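Below is one structure, written out as structure tokens, with a few remarks after it.
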Amino acid sequence: MKKVLLPGIISVIAFSTSAQTPFTIRGTVKDTSRNGEKLTISYFNGDKKIYTGALIKNGTYQFEGTVKEPSKASLSIGIPKDQRGKNPWVMSEQLEFFIEGGPITIDGLPLAKAKLKAPGKSQKDFQRFQKMLRPYEEKQFAAWNDMLHATANRDSVNRKKYNDISENLKKQIDSMEFVFLKKYPASHVSLGILREKMNAKSLAEEKERYAAMFKVLADSLQQTIVGKTMAKQIDNAFKLGVGKDAVDFVLKDTLGNPVHLSSFRGKYVLLDFWASWCTPCRFENPNIVKAYNRFKDKNFTVLGVSLERPGDRKAWVDAINKDGLPWNHVATLTKEESDQIWKLYSLQTIPMNYLIGPDGKILALHLRGDALEKKLEEIL
């Protein structure tokens, strides 16, 4: 984390759930050798994730956009190979700050030494948050880096030692983040902390904890676009948790025939949400193939639900054939179908899956890597 500088005068910007507040980010780079390199920024505009890039031209770069609510942004750029020094695996760097509308300036590279000026109360809170975590994050990064060096040197003893140190520091950081949330329940930084921690896996494992932490947040934050989305995700985590009935739906298969999820009653079925364009999904497919081949004769099957771009049937079918996926497949080939499935299962990211029993009840979810095979070993 880096120290950030705030301007002396901060304009107050009123946000509503419908207003779009414009912002600009202007950066300067003295190193002329960086001309032509690309910086990428990501942030949320309401509940929509925005990714965009800008090239360094004549020592400057610029981003423009709008936000409905204060949002944490992450600006990143690749680190040239000759500047990585003893850490060749650290290939990029990033700078985090809050966008709340208005002008933002970033002076210099590397980003760790850049001078940042960003207006707004959320940025002030974020500066306080960064200062609190900085000592722990620096130690955690150092331990992680030492672990990678030990791995490269095939030093298993030190690899384990530094990995344990890194994991323990992660837990301390996690605890301190929740301390900040409780201390500043009306800060958008606190809302952002909870948002980043909440995903399909964490909600599946600790939905009660996240429901309790959400209730700590001020009502003003709970009523934001982000807050309402999180409330729905928590609610659906309880509705779609282990022991609950899987929600039925109907989509068309590769031949255009309608397929109901409920038609698989009587079997153990993995409801697998993926897409041809989703790189992590494609990497995960071999694990599902392995489990399918091992248990397909033991009353187990898979229903693949591909969340395709509208009308992109060819990419879907080509991916099925290329990855060798021999089970049943359906897809969302219209925006309406896609919106329905994303909302029905409160999907945040893919790949995502649910293991459903013969009675239609959910047995487990978010089974990645060898977790699916282990779970099937346990129940079959």
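Letters A, B, ... go to the chains of the structure tokens in the order shown; residues in each chain start at 1; ligands are counted from 1 in the same order.
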Problem set entry | Secondary structure check, strand (DSSP E) residues of region 208-366 of chain A, as a ChimeraX atom specification | /A:250-253,258-260,268-274,300-306,328-331,352-356,362-365
Selected residues, N, CA, C and O atoms, written as a compact mmCIF listing (two decimals), in the first residue's frame, please.
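Below you can see selection_22.txt, which holds the result:
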```txt
# COMPACT_ATOMS: atom_id res chain seq x y z
N VAL A 250 -35.97 -24.07 -17.25
CA VAL A 250 -35.94 -24.78 -18.53
C VAL A 250 -35.16 -23.94 -19.54
O VAL A 250 -35.35 -22.73 -19.65
N LEU A 251 -34.22 -24.59 -20.23
CA LEU A 251 -33.45 -23.98 -21.31
C LEU A 251 -33.31 -25.01 -22.43
O LEU A 251 -33.56 -26.20 -22.23
N LYS A 252 -32.90 -24.55 -23.60
CA LYS A 252 -32.78 -25.45 -24.75
C LYS A 252 -31.38 -26.02 -24.88
O LYS A 252 -30.39 -25.36 -24.58
N ASP A 253 -31.34 -27.31 -25.36
CA ASP A 253 -30.05 -27.97 -25.55
C ASP A 253 -29.49 -27.64 -26.93
O ASP A 253 -30.02 -26.78 -27.64
N PRO A 258 -36.18 -28.33 -25.36
CA PRO A 258 -36.25 -27.81 -23.98
C PRO A 258 -35.85 -28.87 -22.97
O PRO A 258 -36.23 -30.04 -23.08
N VAL A 259 -35.05 -28.46 -21.97
CA VAL A 259 -34.58 -29.36 -20.92
C VAL A 259 -34.89 -28.72 -19.57
O VAL A 259 -34.49 -27.58 -19.31
N HIS A 260 -35.59 -29.43 -18.71
CA HIS A 260 -35.89 -28.96 -17.37
C HIS A 260 -34.86 -29.54 -16.39
O HIS A 260 -34.51 -30.73 -16.49
N TYR A 268 -27.96 -38.16 -9.06
CA TYR A 268 -27.06 -37.14 -8.54
C TYR A 268 -26.62 -36.32 -9.74
O TYR A 268 -26.12 -36.89 -10.73
N VAL A 269 -26.82 -35.02 -9.71
CA VAL A 269 -26.49 -34.20 -10.87
C VAL A 269 -25.67 -32.98 -10.44
O VAL A 269 -25.99 -32.32 -9.45
N LEU A 270 -24.61 -32.72 -11.18
CA LEU A 270 -23.83 -31.51 -10.97
C LEU A 270 -24.39 -30.45 -11.90
O LEU A 270 -24.32 -30.59 -13.13
N LEU A 271 -24.97 -29.40 -11.34
CA LEU A 271 -25.45 -28.26 -12.12
C LEU A 271 -24.27 -27.31 -12.27
O LEU A 271 -23.87 -26.64 -11.32
N ASP A 272 -23.70 -27.28 -13.47
CA ASP A 272 -22.45 -26.57 -13.71
C ASP A 272 -22.67 -25.34 -14.57
O ASP A 272 -23.04 -25.45 -15.74
N PHE A 273 -22.44 -24.15 -13.99
CA PHE A 273 -22.57 -22.90 -14.72
C PHE A 273 -21.19 -22.52 -15.28
O PHE A 273 -20.23 -22.39 -14.52
N TRP A 274 -21.13 -22.31 -16.58
CA TRP A 274 -19.87 -22.00 -17.24
C TRP A 274 -20.16 -21.18 -18.50
O TRP A 274 -21.29 -20.75 -18.72
N PHE A 300 -24.71 -40.82 -11.47
CA PHE A 300 -24.24 -39.43 -11.46
C PHE A 300 -24.17 -38.90 -12.88
O PHE A 300 -23.75 -39.61 -13.81
N THR A 301 -24.58 -37.64 -13.06
CA THR A 301 -24.46 -36.98 -14.36
C THR A 301 -24.21 -35.49 -14.15
O THR A 301 -24.12 -35.00 -13.01
N VAL A 302 -24.07 -34.78 -15.25
CA VAL A 302 -23.80 -33.34 -15.22
C VAL A 302 -24.77 -32.64 -16.15
O VAL A 302 -25.09 -33.15 -17.24
N LEU A 303 -25.26 -31.48 -15.74
CA LEU A 303 -26.01 -30.59 -16.63
C LEU A 303 -25.22 -29.30 -16.74
O LEU A 303 -25.11 -28.55 -15.77
N GLY A 304 -24.64 -29.09 -17.90
CA GLY A 304 -23.87 -27.87 -18.12
C GLY A 304 -24.79 -26.74 -18.58
O GLY A 304 -25.54 -26.90 -19.54
N VAL A 305 -24.71 -25.61 -17.89
CA VAL A 305 -25.50 -24.43 -18.26
C VAL A 305 -24.53 -23.35 -18.69
O VAL A 305 -23.84 -22.74 -17.86
N SER A 306 -24.46 -23.12 -19.99
CA SER A 306 -23.50 -22.16 -20.51
C SER A 306 -24.15 -20.79 -20.63
O SER A 306 -25.18 -20.63 -21.27
N ASN A 328 -25.03 -33.64 -20.67
CA ASN A 328 -26.12 -32.80 -21.16
C ASN A 328 -25.75 -31.32 -21.07
O ASN A 328 -25.15 -30.89 -20.07
N HIS A 329 -26.16 -30.57 -22.09
CA HIS A 329 -25.83 -29.15 -22.14
C HIS A 329 -27.04 -28.31 -22.53
O HIS A 329 -27.80 -28.69 -23.43
N VAL A 330 -27.19 -27.17 -21.87
CA VAL A 330 -28.14 -26.14 -22.27
C VAL A 330 -27.42 -24.80 -22.20
O VAL A 330 -26.33 -24.71 -21.63
N ALA A 331 -28.02 -23.76 -22.79
CA ALA A 331 -27.35 -22.46 -22.79
C ALA A 331 -28.36 -21.32 -22.78
O ALA A 331 -29.51 -21.49 -23.19
N MET A 352 -19.31 -21.81 -11.47
CA MET A 352 -20.04 -22.05 -10.24
C MET A 352 -20.85 -23.32 -10.42
O MET A 352 -21.35 -23.58 -11.52
N ASN A 353 -20.97 -24.13 -9.38
CA ASN A 353 -21.74 -25.36 -9.53
C ASN A 353 -22.47 -25.73 -8.25
O ASN A 353 -22.12 -25.26 -7.15
N TYR A 354 -23.49 -26.56 -8.42
CA TYR A 354 -24.27 -27.11 -7.32
C TYR A 354 -24.38 -28.62 -7.52
O TYR A 354 -24.72 -29.08 -8.62
N LEU A 355 -24.07 -29.38 -6.49
CA LEU A 355 -24.29 -30.82 -6.53
C LEU A 355 -25.65 -31.10 -5.92
O LEU A 355 -25.91 -30.76 -4.77
N ILE A 356 -26.53 -31.71 -6.73
CA ILE A 356 -27.92 -31.92 -6.33
C ILE A 356 -28.19 -33.41 -6.18
O ILE A 356 -27.76 -34.22 -7.01
N ILE A 362 -30.03 -29.60 -2.60
CA ILE A 362 -28.62 -29.26 -2.79
C ILE A 362 -27.77 -29.96 -1.73
O ILE A 362 -28.04 -29.87 -0.54
N LEU A 363 -26.75 -30.67 -2.18
CA LEU A 363 -25.84 -31.40 -1.29
C LEU A 363 -24.55 -30.62 -1.02
O LEU A 363 -23.96 -30.73 0.05
N ALA A 364 -24.10 -29.86 -2.01
CA ALA A 364 -22.86 -29.09 -1.88
C ALA A 364 -22.81 -28.09 -3.02
O ALA A 364 -23.56 -28.21 -4.00
N LEU A 365 -21.93 -27.11 -2.90
CA LEU A 365 -21.79 -26.13 -3.97
C LEU A 365 -20.37 -25.62 -4.03
O LEU A 365 -19.58 -25.79 -3.10
```
Problem set entry | 9 Å contact set for Asn199 (chain A), only C-alpha atoms, chain neighbours under 6 positions out, as a list in words | Gln233, Gln348 and Thr349 of chain A
For this session: Considering only C-alpha atoms, return as a PyMOL selection string whatever protein or nucleic-acid residues lie within 12 Å of region 77-87 of chain A, sequence-local ones (same chain, fewer than 4 positions apart) excluded.
Result: chain A and resi 33-34+36-42+53-56+91-95+109-112+141-142+144-149+152
Keeping only C-alpha atoms, write the selected residues as a PDB file, in the first residue's frame.
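For reference, part20.pdb as written:
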```pdb
ATOM      1  CA  SER A  33      10.518   4.855 -22.243  1.00  0.00           C
ATOM      2  CA  ARG A  34       7.066   3.982 -20.876  1.00  0.00           C
ATOM      3  CA  GLY A  36       2.978   3.260 -25.527  1.00  0.00           C
ATOM      4  CA  GLU A  37       2.448   1.089 -22.445  1.00  0.00           C
ATOM      5  CA  LYS A  38      -1.111   0.389 -21.324  1.00  0.00           C
ATOM      6  CA  LEU A  39      -2.661   1.000 -17.924  1.00  0.00           C
ATOM      7  CA  THR A  40      -5.877  -0.770 -16.969  1.00  0.00           C
ATOM      8  CA  ILE A  41      -8.470   0.368 -14.455  1.00  0.00           C
ATOM      9  CA  SER A  42     -11.345  -1.561 -12.914  1.00  0.00           C
ATOM     10  CA  GLY A  53      -7.542   0.825 -20.525  1.00  0.00           C
ATOM     11  CA  ALA A  54      -5.484   3.837 -21.605  1.00  0.00           C
ATOM     12  CA  LEU A  55      -2.123   4.210 -23.334  1.00  0.00           C
ATOM     13  CA  ILE A  56       0.691   6.451 -22.138  1.00  0.00           C
ATOM     14  CA  MET A  91       4.750  -8.963 -13.290  1.00  0.00           C
ATOM     15  CA  SER A  92       2.448  -6.021 -12.561  1.00  0.00           C
ATOM     16  CA  GLU A  93       1.762  -3.373  -9.929  1.00  0.00           C
ATOM     17  CA  GLN A  94      -1.417  -1.648  -8.882  1.00  0.00           C
ATOM     18  CA  LEU A  95      -2.667   1.440  -7.124  1.00  0.00           C
ATOM     19  CA  LEU A 109       5.726   5.614 -12.002  1.00  0.00           C
ATOM     20  CA  PRO A 110       6.167   3.124 -10.446  1.00  0.00           C
ATOM     21  CA  LEU A 111       2.693   3.343  -8.966  1.00  0.00           C
ATOM     22  CA  ALA A 112       4.045   2.506  -5.506  1.00  0.00           C
ATOM     23  CA  PHE A 141       4.075  -9.634   1.061  1.00  0.00           C
ATOM     24  CA  ALA A 142       7.620 -10.195   2.342  1.00  0.00           C
ATOM     25  CA  TRP A 144       4.897 -14.515   0.397  1.00  0.00           C
ATOM     26  CA  ASN A 145       7.951 -13.381  -1.562  1.00  0.00           C
ATOM     27  CA  ASP A 146      10.293 -15.439   0.635  1.00  0.00           C
ATOM     28  CA  MET A 147       8.013 -18.436   0.096  1.00  0.00           C
ATOM     29  CA  LEU A 148       8.319 -18.053  -3.693  1.00  0.00           C
ATOM     30  CA  HIS A 149      12.103 -17.781  -3.444  1.00  0.00           C
ATOM     31  CA  ALA A 152      12.269 -21.639  -6.751  1.00  0.00           C
TER      32      ALA A 152
END
```
For this session: Fewer than 2 positions away in the same chain doesn't count, so skip those; otherwise give me all residues within 8 Å of Arg159 (chain A), counting only C-alpha atoms, as an NGL selection string.
Result: :A and (146-148 or 150-151 or 155-157 or 161-163)
For this session: Please provide as a list in words all residues within 9 Å of region 294-297 of chain A, with the sequence filter that same-chain residues fewer than 2 positions apart are discarded (counting only C-alpha atoms).
Result: Val289, Lys290, Ala291, Tyr292, Asn299, Phe300, Thr301, Val302, Glu373, Leu376, Glu377 and Leu380 of chain A
Exercise. Interatomic distance between CA of Ile50 (chain A) and CA of Lys182 (chain A)?
Worked result: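 Between these atoms lies a distance of 28.4 Å.
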Exercise. What separation in Å, quoted to one decimal, exists between CA of Leu372 (chain A) and CA of Glu196 (chain A)?
Worked result: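 Here the two named atoms are 25.0 Å from each other.
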Problem set entry | From A:Leu181, A:Ile99, A:Val317, A:Ile350, residue lying nearest Thr21 (chain A) [only C-alpha atoms] |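 The shortest atom-to-atom distance to Thr21 (chain A) comes from A:Ile99.
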Exercise. When distances are computed from only C-alpha atoms, which of A:Gly192, A:Ala237, A:Pro88, A:Gln223 shows the smallest separation from Glu208 (chain A)?
Worked result: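 Looking at the shortest contact to Glu208 (chain A), the residue is A:Ala237.
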Exercise. Could you state the separation of CA of Asn35 (chain A) and CA of Phe97 (chain A) in Å, given to one decimal place?
Worked result: 23.5 Å
What's around region 335-339 of chain A at 10 Å? Count only C-alpha atoms, leave out sequence neighbours fewer than 2 positions away in its own chain, and write the answer as an mmCIF file with C-alpha atoms, in the first residue's frame.
```cif
data_model
loop_
_atom_site.group_PDB
_atom_site.id
_atom_site.type_symbol
_atom_site.label_atom_id
_atom_site.label_comp_id
_atom_site.auth_asym_id
_atom_site.auth_seq_id
_atom_site.Cartn_x
_atom_site.Cartn_y
_atom_site.Cartn_z
ATOM 1 C CA VAL A 250 -35.944 -24.780 -18.534
ATOM 2 C CA LEU A 251 -33.454 -23.981 -21.307
ATOM 3 C CA SER A 306 -23.505 -22.162 -20.511
ATOM 4 C CA LEU A 307 -24.047 -18.432 -19.985
ATOM 5 C CA GLU A 308 -23.224 -17.415 -23.524
ATOM 6 C CA ARG A 309 -23.235 -14.055 -25.175
ATOM 7 C CA PRO A 310 -26.545 -13.502 -27.006
ATOM 8 C CA GLY A 311 -26.756 -15.613 -30.153
ATOM 9 C CA ALA A 331 -27.348 -22.458 -22.786
ATOM 10 C CA THR A 332 -28.673 -18.936 -22.401
ATOM 11 C CA LEU A 333 -28.567 -17.564 -25.944
ATOM 12 C CA ILE A 341 -30.440 -17.560 -14.757
ATOM 13 C CA TRP A 342 -28.013 -15.050 -13.217
ATOM 14 C CA LYS A 343 -30.792 -13.780 -10.967
ATOM 15 C CA LEU A 344 -32.399 -17.180 -10.288
#
```
Exercise. Of the candidates A:Leu191, A:Leu133, A:Gln340, A:Lys160, which one gets nearest to Gln172 (chain A) if we count only C-alpha atoms?
Worked result: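 Checking each of A:Leu191, A:Leu133, A:Gln340, A:Lys160 against Gln172 (chain A), counting only C-alpha atoms, the winner is A:Leu133.
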Exercise. Which of these residues is nearest to Gly243 (chain A), using only C-alpha atoms: A:Lys201, A:Lys267, A:Lys361, A:Lys314?
Worked result: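 Of all the options, A:Lys361 lies closest to Gly243 (chain A).
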Problem set entry | Those in region 140-316 of chain A with helix (DSSP H, G or I) from DSSP, as a PyMOL selection string | chain A and resi 140-152+156-183+188-197+200-216+219-222+225-239+261-264+279-295+313-316
For this session: May I ask which of the residues A:Arg195, A:Lys374, A:Tyr61, A:Leu261 is the closest one to Lys228 (chain A), counting only C-alpha atoms?
Result: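 Residue with the minimum atom-to-atom distance to Lys228 (chain A): A:Arg195.
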Problem set entry | Residues within 12 Å of Lys49 (chain A), only C-alpha atoms, excluding chain neighbours under 2 positions, as a list in words |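 Listed by chain and then number, they are Ile41, Ser42, Tyr43, Phe44, Asn45, Gly46, Asp47, Tyr51, Thr52, Val67, Ser71, Lys72, Ala73, Ser74, Val226, Gln348 and Thr349 of chain A.
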Problem set entry | Residue with smallest distance to Ile25 (chain A) - pool A:Ile106, A:Ala319, A:Val90, A:Met132, counting only C-alpha atoms | A:Ile106
